[in-house]
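Okay, query36.txt is below, compact mmCIF, C-alpha atoms:
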# COMPACT_ATOMS: atom_id res chain seq x y z
CA MET A 128 77.95 72.14 136.07
CA THR A 129 76.66 70.05 133.18
CA ALA A 130 79.95 68.16 133.09
CA LEU A 131 79.60 67.15 136.76
CA SER A 132 76.00 65.97 136.46
CA ALA A 133 77.05 63.51 133.74
CA TYR A 134 79.39 61.67 136.17
CA ASP A 135 77.69 62.05 139.57
CA ARG A 136 77.22 58.25 139.94
CA LEU A 137 80.54 57.13 138.49
CA GLU A 138 82.79 54.95 140.68
CA ALA A 139 86.15 53.24 140.14
CA ALA A 140 88.72 51.15 142.01
CA GLY A 141 92.15 52.61 142.67
CA LEU A 142 95.17 52.80 144.98
CA TRP A 143 95.50 55.69 147.47
CA ARG A 144 98.21 56.73 149.87
CA PRO A 145 97.86 59.62 152.33
CA SER A 146 101.55 60.58 152.26
CA GLU A 147 104.79 59.84 150.44
CA ASP A 148 106.04 57.30 153.01
CA ALA A 149 102.64 55.61 153.62
CA GLN A 150 101.50 52.27 152.25
CA ARG A 151 99.14 52.31 149.28
CA ARG A 152 95.59 51.11 149.98
CA ASP A 153 92.82 49.73 147.79
CA VAL A 154 90.04 52.32 147.62
CA ILE A 155 86.86 53.23 145.79
CA VAL A 156 86.75 56.59 144.04
CA SER A 157 83.44 58.32 143.27
CA VAL A 158 82.58 61.66 141.73
CA GLY A 159 80.56 63.94 143.99
CA GLU A 160 79.45 67.56 143.82
CA ALA A 161 82.71 69.16 142.64
CA THR A 162 84.73 66.61 144.65
CA LEU A 163 86.36 63.21 144.36
CA THR A 164 85.40 61.07 147.35
CA ILE A 165 87.90 58.35 148.30
CA THR A 166 86.53 55.54 150.54
CA ASP A 167 87.91 52.23 151.74
CA LEU A 168 86.35 48.90 150.85
CA ASN A 169 84.06 49.23 153.89
CA ASP A 170 82.64 52.50 152.50
CA ARG A 171 84.41 54.67 155.08
CA ALA A 172 85.47 58.05 153.76
CA LEU A 173 89.23 58.53 153.69
CA ALA A 174 89.59 61.80 151.74
CA HIS A 175 87.69 64.41 149.76
CA TRP A 176 89.52 66.11 146.90
CA SER A 177 88.20 69.27 145.30
CA ILE A 178 88.12 68.63 141.56
CA PRO A 179 89.39 72.16 140.71
CA ALA A 180 92.45 71.38 142.87
CA VAL A 181 93.22 67.95 141.37
CA ALA A 182 96.50 67.74 139.42
CA ARG A 183 97.84 64.86 137.34
CA ALA A 184 101.43 63.76 137.91
CA ASN A 185 101.84 61.82 134.63
CA PRO A 186 99.69 63.31 131.84
CA GLY A 187 98.95 60.86 129.04
CA GLN A 188 100.37 57.82 130.90
CA VAL A 189 98.74 54.87 132.68
CA PRO A 190 98.18 54.06 135.40
CA ALA A 191 97.00 57.65 135.88
CA ILE A 192 98.38 59.23 139.03
CA TYR A 193 96.56 62.22 140.61
CA HIS A 194 97.31 64.32 143.67
CA PRO A 195 95.92 67.45 145.31
CA ASP A 196 97.44 70.56 143.78
CA GLY A 197 100.46 71.50 145.90
CA ASP A 198 100.65 68.15 147.73
CA PRO A 199 102.31 65.53 145.48
CA GLY A 200 102.85 63.24 148.47
CA GLU A 201 99.20 62.20 148.64
CA THR A 202 98.34 60.27 145.48
CA LEU A 203 95.52 58.40 143.83
CA GLU A 204 96.43 55.80 141.21
CA LEU A 205 93.83 54.64 138.67
CA PRO A 206 94.68 51.61 136.52
CA ALA A 207 94.21 51.43 132.75
CA ASP A 208 90.98 49.44 133.02
CA GLU A 209 89.35 52.39 134.82
CA ASP A 210 89.60 54.44 131.66
CA GLU A 211 86.06 55.80 132.04
CA MET A 212 86.89 57.37 135.41
CA ILE A 213 90.20 58.69 134.03
CA ALA A 214 88.39 60.24 131.06
CA ALA A 215 85.77 61.73 133.37
CA ILE A 216 88.36 63.34 135.67
CA GLU A 217 90.25 64.74 132.68
CA LYS A 218 87.09 66.15 131.16
CA LEU A 219 86.09 67.77 134.45
CA ARG A 220 89.57 69.27 134.92
CA VAL A 221 89.46 70.78 131.40
CA ALA A 222 85.92 72.13 131.91
CA ILE A 223 86.83 73.72 135.24
CA ASP A 224 90.07 75.11 133.89
CA LYS A 225 88.19 76.84 131.04
CA SER A 226 85.75 78.40 133.51
CA ARG A 227 88.46 79.93 135.67
CA PRO A 228 89.01 83.69 135.37
CA ARG A 229 92.26 84.55 133.60
CA PRO A 230 93.53 87.96 134.76
CA GLY A 231 96.57 87.70 132.51
CA ARG A 232 94.43 87.09 129.44
CA LEU A 233 92.12 89.94 130.44
CA ARG A 234 95.09 92.28 130.78
CA LEU A 235 96.37 91.14 127.39
CA ILE A 236 92.97 91.72 125.78
CA MET A 237 92.75 95.17 127.41
CA LEU A 238 96.27 96.03 126.28
CA ILE A 239 95.52 94.93 122.71
CA SER A 240 92.24 96.87 122.74
CA ILE A 241 93.94 100.03 124.00
CA THR A 242 96.71 99.65 121.44
CA LEU A 243 94.24 99.18 118.58
CA ALA A 244 92.18 102.13 119.78
CA THR A 245 95.31 104.29 119.95
CA LEU A 246 96.34 103.22 116.46
CA ALA A 247 92.84 103.92 115.16
CA LEU A 248 92.97 107.39 116.69
CA GLY A 249 96.40 107.95 115.19
CA VAL A 250 95.36 106.77 111.74
CA PHE A 251 91.81 108.07 111.42
CA TRP A 252 91.20 110.85 113.94
CA LEU A 253 94.52 112.52 114.67
CA PRO A 254 95.45 113.61 111.11
CA SER A 255 92.02 115.17 110.55
CA ALA A 256 91.97 116.85 113.96
CA LEU A 257 95.54 118.10 113.49
CA LEU A 258 94.65 119.46 110.06
CA ASP A 259 91.56 121.24 111.40
CA HIS A 260 93.57 122.79 114.22
CA THR A 261 96.42 123.91 111.95
CA VAL A 262 94.10 125.52 109.40
CA THR A 263 92.40 127.38 112.24
CA VAL A 264 95.51 128.74 113.97
CA VAL A 265 97.67 129.74 110.97
CA PRO A 266 97.37 133.56 110.73
CA SER A 267 96.57 135.43 107.52
CA VAL A 268 100.13 136.79 107.33
CA LYS A 269 101.54 133.26 107.24
CA ARG A 270 98.92 132.23 104.67
CA SER A 271 100.03 135.11 102.43
CA GLU A 272 103.65 134.12 102.90
CA ILE A 273 102.90 130.53 101.89
CA GLY A 274 100.92 131.75 98.87
CA GLU A 275 103.78 134.00 97.75
CA THR A 276 106.26 131.13 98.13
CA LEU A 277 104.03 128.89 96.01
CA LEU A 278 103.70 131.62 93.40
CA THR A 279 107.49 131.88 93.18
CA ARG A 280 107.69 128.17 92.42
CA ILE A 281 104.84 128.34 89.91
CA ARG A 282 106.63 131.14 88.04
CA ARG A 283 109.42 128.70 87.19
CA VAL A 284 106.93 126.77 85.06
CA ALA A 285 104.38 129.39 84.05
CA GLY A 286 106.75 132.28 83.47
CA ALA A 287 106.74 135.75 85.01
CA PRO A 288 103.24 137.15 85.73
CA CYS A 289 101.99 140.37 84.19
CA SER A 290 103.67 143.27 85.96
CA GLU A 291 102.84 146.25 83.68
CA ALA A 292 101.75 149.21 85.82
CA GLN A 293 98.48 149.99 84.04
CA GLY A 294 97.58 146.31 83.91
CA GLN A 295 98.19 145.95 87.66
CA ALA A 296 96.02 148.99 88.35
CA ALA A 297 93.21 147.53 86.22
CA LEU A 298 93.50 144.17 88.03
CA ALA A 299 93.32 145.94 91.40
CA ARG A 300 90.08 147.68 90.35
CA LEU A 301 88.61 144.39 89.08
CA SER A 302 89.56 142.71 92.36
CA ALA A 303 87.89 145.50 94.33
CA ARG A 304 84.73 144.99 92.26
CA LEU A 305 84.80 141.22 92.97
CA PRO A 306 86.18 140.96 96.52
CA ALA A 307 86.62 137.70 98.38
CA PRO A 308 84.73 137.37 101.68
CA ALA A 309 87.91 138.40 103.53
CA GLY A 310 88.60 141.33 101.18
CA PRO A 311 89.94 141.97 97.67
CA ALA A 312 92.06 139.11 96.35
CA ARG A 313 95.33 139.53 94.55
CA LEU A 314 94.81 138.71 90.87
CA VAL A 315 97.87 137.28 89.10
CA VAL A 316 97.85 136.85 85.31
CA LEU A 317 100.15 134.12 83.99
CA ARG A 318 101.21 133.55 80.41
CA ASP A 319 101.13 129.76 80.51
CA GLY A 320 101.19 126.68 82.74
CA ILE A 321 97.68 127.01 84.14
CA GLY A 322 94.40 125.86 82.63
CA GLN A 323 92.09 128.81 83.31
CA ALA A 324 92.18 129.78 86.97
CA ALA A 325 93.31 128.54 90.40
CA HIS A 326 93.71 129.94 93.88
CA LEU A 327 96.50 129.91 96.46
CA PRO A 328 96.51 130.50 100.21
CA GLY A 329 96.53 134.16 101.11
CA GLU A 330 93.71 135.22 98.73
CA ILE A 331 95.79 134.85 95.56
CA ILE A 332 93.93 133.95 92.36
CA LEU A 333 95.88 132.81 89.30
CA LEU A 334 94.39 133.61 85.89
CA ASN A 335 95.47 132.52 82.43
CA LYS A 336 96.13 135.45 80.08
CA SER A 337 93.76 133.88 77.54
CA LEU A 338 90.82 134.93 79.73
CA PHE A 339 91.70 138.56 78.87
CA GLU A 340 92.99 138.15 75.33
CA ASP A 341 90.47 135.72 73.86
CA TYR A 342 87.20 137.26 75.07
CA GLU A 343 85.81 140.74 74.60
CA GLU A 344 83.55 140.69 77.66
CA PRO A 345 85.06 140.97 81.16
CA ASP A 346 82.22 138.76 82.45
CA VAL A 347 84.24 135.71 81.36
CA VAL A 348 87.24 136.37 83.60
CA ALA A 349 84.87 137.67 86.28
CA GLY A 350 83.03 134.35 86.19
CA HIS A 351 86.29 132.48 86.77
CA ILE A 352 87.16 134.79 89.66
CA VAL A 353 83.74 134.18 91.23
CA ALA A 354 84.20 130.42 90.75
CA GLU A 355 87.56 130.54 92.56
CA HIS A 356 86.04 132.54 95.40
CA LEU A 357 83.38 129.84 95.74
CA ARG A 358 85.93 127.01 95.66
CA ALA A 359 87.99 128.75 98.35
CA GLU A 360 84.87 129.02 100.52
CA ILE A 361 84.05 125.34 100.03
CA SER A 362 87.61 124.10 100.57
CA ASP A 363 90.22 126.26 102.30
CA PRO A 364 93.27 126.64 99.99
CA LEU A 365 95.61 126.05 102.93
CA ARG A 366 93.73 122.84 103.78
CA ASP A 367 94.09 121.68 100.17
CA LEU A 368 97.83 122.26 100.39
CA LEU A 369 98.23 120.45 103.72
CA GLU A 370 96.08 117.51 102.61
CA SER A 371 98.37 117.13 99.61
CA ALA A 372 101.54 117.57 101.70
CA GLY A 373 100.58 115.06 104.42
CA THR A 374 100.53 114.89 108.22
CA VAL A 375 104.29 115.28 108.67
CA GLN A 376 104.26 118.62 106.84
CA THR A 377 101.20 119.71 108.82
CA ILE A 378 103.09 119.06 112.04
CA ARG A 379 106.10 120.89 110.63
CA LEU A 380 104.01 123.97 109.79
CA LEU A 381 102.37 123.89 113.20
CA THR A 382 105.66 123.60 115.09
CA THR A 383 108.12 125.57 112.91
CA GLY A 384 105.86 127.81 110.85
CA ALA A 385 107.29 126.55 107.55
CA LEU A 386 106.81 123.86 104.92
CA SER A 387 109.59 122.02 103.13
CA ASP A 388 110.62 123.09 99.63
CA GLY A 389 109.82 119.61 98.35
CA ALA A 390 106.25 119.77 99.66
CA LEU A 391 105.71 123.19 98.09
CA ASP A 392 107.16 122.09 94.74
CA ALA A 393 105.00 118.97 94.72
CA TYR A 394 101.84 120.95 95.45
CA ALA A 395 102.69 123.58 92.83
CA GLU A 396 102.97 120.80 90.24
CA THR A 397 99.69 119.26 91.43
CA LEU A 398 97.92 122.60 91.25
CA LEU A 399 99.02 123.22 87.67
CA THR A 400 98.11 119.75 86.40
CA THR A 401 94.85 119.04 88.27
CA PRO A 402 91.55 120.36 86.86
CA PRO A 403 89.64 122.60 89.28
CA ALA A 404 86.91 121.00 91.37
CA PRO A 405 83.54 121.18 89.54
CA LEU A 406 80.85 123.44 90.97
CA ALA A 407 77.11 122.82 90.80
CA ASP A 408 75.11 125.20 88.63
CA GLU A 409 73.12 126.27 91.71
CA THR A 410 76.32 127.23 93.51
CA LEU A 411 77.66 129.18 90.54
CA LEU A 412 74.37 130.99 89.95
CA ALA A 413 74.20 132.03 93.60
CA GLY A 414 77.75 133.34 93.26
CA PHE A 415 76.97 135.28 90.06
CA LYS A 416 73.98 136.86 91.77
CA ALA A 417 75.95 137.77 94.90
CA TRP A 418 78.82 139.36 92.93
CA SER A 419 76.52 140.86 90.24
CA VAL A 420 78.09 139.06 87.28
CA ARG A 421 76.32 137.78 84.17
CA ALA A 422 76.45 133.98 83.88
CA THR A 423 75.84 133.67 80.12
CA PRO A 424 79.25 134.90 78.83
CA TYR A 425 81.02 132.58 81.29
CA ALA A 426 78.78 129.67 80.23
CA TYR A 427 79.51 130.14 76.51
CA ALA A 428 83.23 130.53 77.24
CA ARG A 429 83.18 127.09 78.86
CA ASP A 430 81.13 125.55 76.03
CA ILE A 431 80.70 127.53 72.84
CA THR A 432 77.59 125.50 71.97
CA GLY A 433 76.02 126.09 75.37
CA GLU A 434 74.80 122.48 75.54
CA THR A 435 76.70 121.49 78.70
CA THR A 436 76.16 124.88 80.39
CA LEU A 437 72.51 125.37 79.47
CA GLY A 438 71.52 125.55 83.13
CA LEU A 439 73.71 128.62 83.65
CA ILE A 440 72.38 130.30 80.52
CA GLU A 441 68.70 129.72 81.22
CA ALA A 442 68.95 130.75 84.88
CA ASP A 443 71.29 133.71 84.41
CA PRO A 444 70.30 136.15 87.18
CA PHE A 445 71.06 139.06 84.83
CA ALA A 446 69.56 137.71 81.64
CA THR A 447 67.23 140.72 81.29
CA THR A 448 68.97 143.34 83.42
CA ALA A 449 72.51 144.68 83.38
CA PRO A 450 74.56 144.51 86.61
CA ASP A 451 77.01 147.20 87.66
CA ALA A 452 79.97 147.50 85.31
CA LEU A 453 82.90 145.22 86.12
CA ILE A 454 85.68 147.44 84.74
CA SER A 455 85.87 150.36 82.36
CA ASP A 456 86.55 149.96 78.68
CA ALA A 457 90.02 151.45 79.19
CA ASP A 458 90.83 148.92 81.92
Take the structure I supplied and represent it as structure tokens, if you would.
Amino acid sequence: MTALSAYDRLEAAGLWRPSEDAQRRDVIVSVGEATLTITDLNDRALAHWSIPAVARANPGQVPAIYHPDGDPGETLELPADEDEMIAAIEKLRVAIDKSRPRPGRLRLIMLISITLATLALGVFWLPSALLDHTVTVVPSVKRSEIGETLLTRIRRVAGAPCSEAQGQAALARLSARLPAPAGPARLVVLRDGIGQAAHLPGEIILLNKSLFEDYEEPDVVAGHIVAEHLRAEISDPLRDLLESAGTVQTIRLLTTGALSDGALDAYAETLLTTPPAPLADETLLAGFKAWSVRATPYAYARDITGETTLGLIEADPFATTAPDALISDAD
């Protein structure tokens, strides 16, 4: 040890006694290789103390009294004028004590590390993993049930949806012409409360009545339906709901098959007040091509000047050809 090499020639005078009832003797103390060597005045060795096993009986006081750890009867007394030897022994004891393994500290560090790792998993990994699992295992029937429950709550704000028989038949034919990947979606036309369009779990697409009343071409509402299909592919509507509701509601759905009324009401309000997620022109154009819908009417409906939707207009996949009809004039 570096600390030992600094004191390997240090000597001091002191008083030593081999046992509690023995007479104290004048001795010479020297620092050896990890030991204190105690000799008499004739240089005869009387004792060798291992420095790691040296204990001090009166810390901070003088004369300094030392003894082997576990044997307070044998003592070595160093007077105040041997302060260099006292300082050396103290320094060596501190250095050796720091180098000793500390199983308790290691266990504490391991416990803290495990606790922090568990908390990190709980905070960062578990909610995401739980959400992924829940979205995967919830069946389509339950998704439809959740969507219908949300629609019931939305009706309180947006009013009753269109229920006229001929209108419902026309919507069914439009939905069949523009099916979602899992099959035709249910199209619901609302009088108010929604910006343009939104989607719910269970393949339910909400549409504002203005998309039918304010535009002569069905390509406008068709474009919004295609956009909602694309958003549902990018972000699962049930995932959007559960992310808004939180981990507790996710666990509740997974374990009981139901969400609280408060969570559904809160999400319904969020859905009606939050603008839909923007879609890149490339994504929209791919969707228009896949569903055979003209992009230009949708683009001008979003911006009557066409300045902000110029990319959709210029790259319209049906700019020069007409796709299959969306619905009949009567519908």
* atom CA of Ala442 of chain A and atom CA of Glu355 of chain A are how many Å apart? -> 20.1 Å
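When only C-alpha atoms are used to compute distances to Pro405 of chain A, the closest of the residues A:Thr242, A:Leu205, A:His351, A:Ala287 turns out to be A:His351.
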So that I can see what lies close to Ala307 of chain A, please list as a short mmCIF file (atom, residue, chain, number, x, y, z; two decimals) with C-alpha atoms, in the frame of the given file the residues with an atom at most 9 Å from it, counting all atoms listed in the file and leaving out residues fewer than 2 positions away in the same chain.
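Once written, out-v9.cif looks like this:
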data_model
loop_
_atom_site.label_atom_id
_atom_site.label_comp_id
_atom_site.auth_asym_id
_atom_site.auth_seq_id
_atom_site.Cartn_x
_atom_site.Cartn_y
_atom_site.Cartn_z
CA SER A 302 89.56 142.71 92.36
CA ALA A 303 87.89 145.50 94.33
CA LEU A 305 84.80 141.22 92.97
CA ALA A 309 87.91 138.40 103.53
CA GLY A 310 88.60 141.33 101.18
CA PRO A 311 89.94 141.97 97.67
CA ALA A 312 92.06 139.11 96.35
CA GLU A 330 93.71 135.22 98.73
CA VAL A 353 83.74 134.18 91.23
CA HIS A 356 86.04 132.54 95.40
CA LEU A 357 83.38 129.84 95.74
#
* To do: Please indicate the distance in Å from atom CA of Pro424 of chain A to atom CA of Asn335 of chain A, rounded to one decimal place.
  => 16.8 Å
* To do: Determine the nearest neighbour of Ile378 of chain A from the options A:Glu409, A:Glu291, A:Glu272, A:Asp259, counting only C-alpha atoms.
  => A:Asp259
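Each of A:Asp153, A:Asp341, A:Asp167, A:Glu204 was compared to Asn185 of chain A using only C-alpha atoms, and A:Glu204 turns out to be the nearest.
Atom pair atom CA of Val221 of chain A / atom CA of Ile178 of chain A has a distance of 10.5 Å (rounded to one decimal).
Distances to Arg283 of chain A were evaluated for A:Arg366, A:Arg429, A:Leu317, A:Asp456 using all atoms listed in the file, and the minimum falls at A:Leu317.
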* To do: For the point (100.1, 60.7, 145.7) in the file's frame, write as a PyMOL selection string all residues with an atom no more than 9 Å away, counting only C-alpha atoms.
  => chain A and resi 143-147+184+192-195+198-204
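Distance check against Leu368 of chain A using only C-alpha atoms: of A:Arg318, A:Arg183, A:His326, A:His260, the minimum falls on A:His326.
For the set A:Val316, A:Ile213, A:Ala428, A:Ser157, the residue with the smallest atom-to-atom gap to Glu343 of chain A is A:Ala428, counting only C-alpha atoms.
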